[in-house]
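First comes the structure, then the notes that go with it.
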Amino acid sequence: MPACLECSLLASGCRPIREGSSRLAHAEAFSSGSVLAGAYEALNGGVTTVLDWSHNMNTSDHTDAAVESLKASNGRFVMCYGNSNAEWLPVSNLPTSEDVRRVKMQHFSASDDLVQLGMALRGPQYATGSVTVDDWALARDLDALISVHVGDGAWGKGRPVAWLAERGLLGEDVICSHCNSLADDEFQMMADSGCSASMTPEIELQMGHGWPVTGRLLKVGMRPTIGIDIATCNSGHLFQVMRTVLLLERAWAHDRADRNGEEVERLPIDTQDAIEIATINGAKALRLDHRIGSLTPGKDADIVMIRADNLEMAPLNNPVGAVALAGHPGLVDSVWVAGRAVKRDGKLIGVDERRVIEELTRSRDYVLSKAGVKPGERFTPAPYQAK
């Protein structure tokens with residue numbers, strides 16, 4: 001299932017550690033383990049391609065470890081280089097680190113590698129106008145795909161897309177994430193510019209960003225894509241996200257009809273639409289549809305095989321409907337990325353899952369200990385304080 005999976009695989013809350021090289025290596029190892037675990041979770045769930053929102057590049061060591069982990073997983077990734085935690089405190093006047101130029105030269109010299117460089121930019125909601133313009137210039141100088149958060153909750157009501165459009169910053173190289181609280185005319189601006197949009201409905205519903213915007217995107221002729229954001233508090237696969245999008249749009253259609261004393265003659269999206277949202281639409285957004293997104297002669301062999309000899313899928317009379325409405329990672333039998341098998345017979349190939357889980361658990365314990373959280377306690381962050 002080639003997909004645009006908008007997601008950060010780095011351990012959240014990891015801060016720069018500078019008390020000594022051994023401590024830095026300690027944090028770097030945990031960051032690496034977190035990225036690798038997230039990559040394996042995606043592949044295990046049938047997601048062959050991920051847009052990784054790597055938005056806590058606290059040191060160059062963290063960045064290098066993240067890139068190396070993605071490459072080691074044998075999955076396909078657009079690693080969107082983001083800012084350190086300190087550079088994210090809104091509204092930030094700190095520019096994106098120029099270290100991204102080194103990262104491009106050191107790790108992303110080949111245009112056909114499975115792991116490519118993108119940029120996770122803060123945009124006008126989270127950074128000053130001058131910093132946003134400079135960040136865009138840096139990304140385009142590196143010919144990097146740009147992903148930016150817009151319209152996520154109350155801050156998104158300040159017309160961030162209009163601000164970008166007025167300065168000529170929208171384009172086919174831009175993916176707008178969330179978009180829930182944008183004004184109606186901003187969707188037309190996105191459509192006119194040729195940019196893409198990625199919804200992450202589970203986190204949007206949890207965090208009060210607003211309702212998923214599938215219908216609003218379709219209304220202006222855009223092709224919606226979907227993602228996770230983030231796997232630490234939502235499902236780490238796209239089956240659930242497809243169902244969420246599908247069921248919400250259908251529920252609203254029925255509700256509108258009921259309020260108007262009408263009946264729904266045709267549902268706004270069907271299961272085929274849901275599959276396309278999770279596959280070819282994501283490939284187009286990533287500018288990779290010439291290589292992935294459909295089973296087409298001449299494309300790379302990114303293939304997911306889903307078992308149908310089970311009670312969840314039987315009796316199989318509509319494969320598309322069954323995948324969209326009943327699929328889950330446990331049914332993913334085999335996965336190939338660019339013709340290379342990464343999962344067969346229901347198991348990831350060459351992966352010691354127990355070791356990965358142990359490392360991930362140690363990473364969790366380390367991060368919580370740095371935050372002063374004792375074992376068994378819950379972490380409650382302090383309320384946001386504007387600078």
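Note on naming: chains are A, B, ... as they come in the structure tokens, residues start from 1 per chain, ligands start from 1 in the order shown.
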
### Message
What parts of range 138-178 of chain A does DSSP call alpha helix (DSSP H)? I'd like the answer as an NGL selection string.
### Response
:A and (138-141 or 160-166)

Keeping only C-alpha atoms, take the residues you just selected and write them out as a PDB file, in the first residue's frame.
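Produced file again-v4.pdb, reproduced below:
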```pdb
ATOM      1  CA  LEU A 138      16.430  27.097   1.499  1.00  0.00           C
ATOM      2  CA  ALA A 139      14.142  24.167   0.685  1.00  0.00           C
ATOM      3  CA  ARG A 140      13.793  25.172  -2.955  1.00  0.00           C
ATOM      4  CA  ASP A 141      17.523  25.740  -3.287  1.00  0.00           C
ATOM      5  CA  PRO A 160      -1.905  30.847   6.616  1.00  0.00           C
ATOM      6  CA  VAL A 161      -2.530  29.517   3.095  1.00  0.00           C
ATOM      7  CA  ALA A 162      -3.556  32.964   1.863  1.00  0.00           C
ATOM      8  CA  TRP A 163      -0.350  34.345   3.372  1.00  0.00           C
ATOM      9  CA  LEU A 164       1.708  31.735   1.514  1.00  0.00           C
ATOM     10  CA  ALA A 165      -0.196  32.308  -1.731  1.00  0.00           C
ATOM     11  CA  GLU A 166       0.295  36.065  -1.612  1.00  0.00           C
TER      12      GLU A 166
END
```

Proximity of range 228-321 of chain A to range 183-202 of chain A: per-residue shortest pair, 8 Å limit, only C-alpha atoms, as a tab-separated table:
```
residue	atom	partner	partner_atom	distance
A:Ile228	CA	A:Thr200	CA	5.4
A:Asp229	CA	A:Thr200	CA	6.2
A:Asn234	CA	A:Glu202	CA	6.6
A:Val241	CA	A:Pro201	CA	6.9
A:Thr244	CA	A:Pro201	CA	7.1
A:Val245	CA	A:Pro201	CA	7.1
A:Ala285	CA	A:Ser196	CA	5.6
```

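Within 7 Å of Ala326 in chain A, once only C-alpha atoms are used and residues closer than 4 positions along the same chain are dropped, the contacting residues are A:Glu312, A:Met313, A:Ala322.
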
Residues from last step as file, C-alpha atoms, as an mmCIF file, in the first residue's frame:
```
data_model
loop_
_atom_site.group_PDB
_atom_site.id
_atom_site.type_symbol
_atom_site.label_atom_id
_atom_site.label_comp_id
_atom_site.auth_asym_id
_atom_site.auth_seq_id
_atom_site.Cartn_x
_atom_site.Cartn_y
_atom_site.Cartn_z
ATOM 1 C CA GLU A 312 -12.478 -11.176 8.538
ATOM 2 C CA MET A 313 -12.333 -11.231 4.737
ATOM 3 C CA ALA A 322 -12.993 -5.892 2.052
#
```

### strand (DSSP E or B) positions in range 115-213 of chain A, given as a list in words
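The strand (DSSP E or B) subset of range 115-213 of chain A is Val115, Gln116, Leu117, Gly118, Met119, Ala120, Leu121, Ala127, Leu145, Ile146, Ser147, Val148, His149, Val150, Val174, Ile175, Cys176, Ser177, His178, Ser196, Ala197, Ser198 and Met199 of chain A.
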
### Query
How far is it from CA of Leu36 in chain A to CA of Leu145 in chain A, in Å with one decimal?
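So the two atoms, CA of Leu36 in chain A and CA of Leu145 in chain A, lie 22.2 Å apart.
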
Which residues of range 349-373 of chain A sit at most 12 Å from range 72-90 of chain A, using only C-alpha atoms? Give each one's shortest atom pair and distance in Å (one decimal place), in chain and ascending residue order, as CSV.
```
residue,atom,partner,partner_atom,distance
A:Ile349,CA,A:Ser73,CA,10.2
A:Gly350,CA,A:Ser73,CA,9.9
A:Val351,CA,A:Ser73,CA,9.0
A:Val356,CA,A:Ser73,CA,11.8
```

### Query
How many Å lie between CA of Ala324 in chain A and CA of Ile280 in chain A, rounded to one decimal?
14.7 Å

### Contacts of Gly215 in chain A within 8 Å, only C-alpha atoms, excl. fewer than 3 positions in-chain, as a list in words
Leu218, Lys219, Glu249 and Pro268 of chain A

### Query
Nearest to Leu246 in chain A among A:Ile303, A:Ala110, A:Leu325, A:Val133, with distances taken over only C-alpha atoms: which residue is it?
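Of A:Ile303, A:Ala110, A:Leu325, A:Val133, the one nearest Leu246 in chain A, counting only C-alpha atoms, is A:Leu325.
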
### Counting only C-alpha atoms, the residue of A:Ser111, A:Ser97, A:Ser181, A:Thr48 that sits nearest Gly293 in chain A
A:Thr48
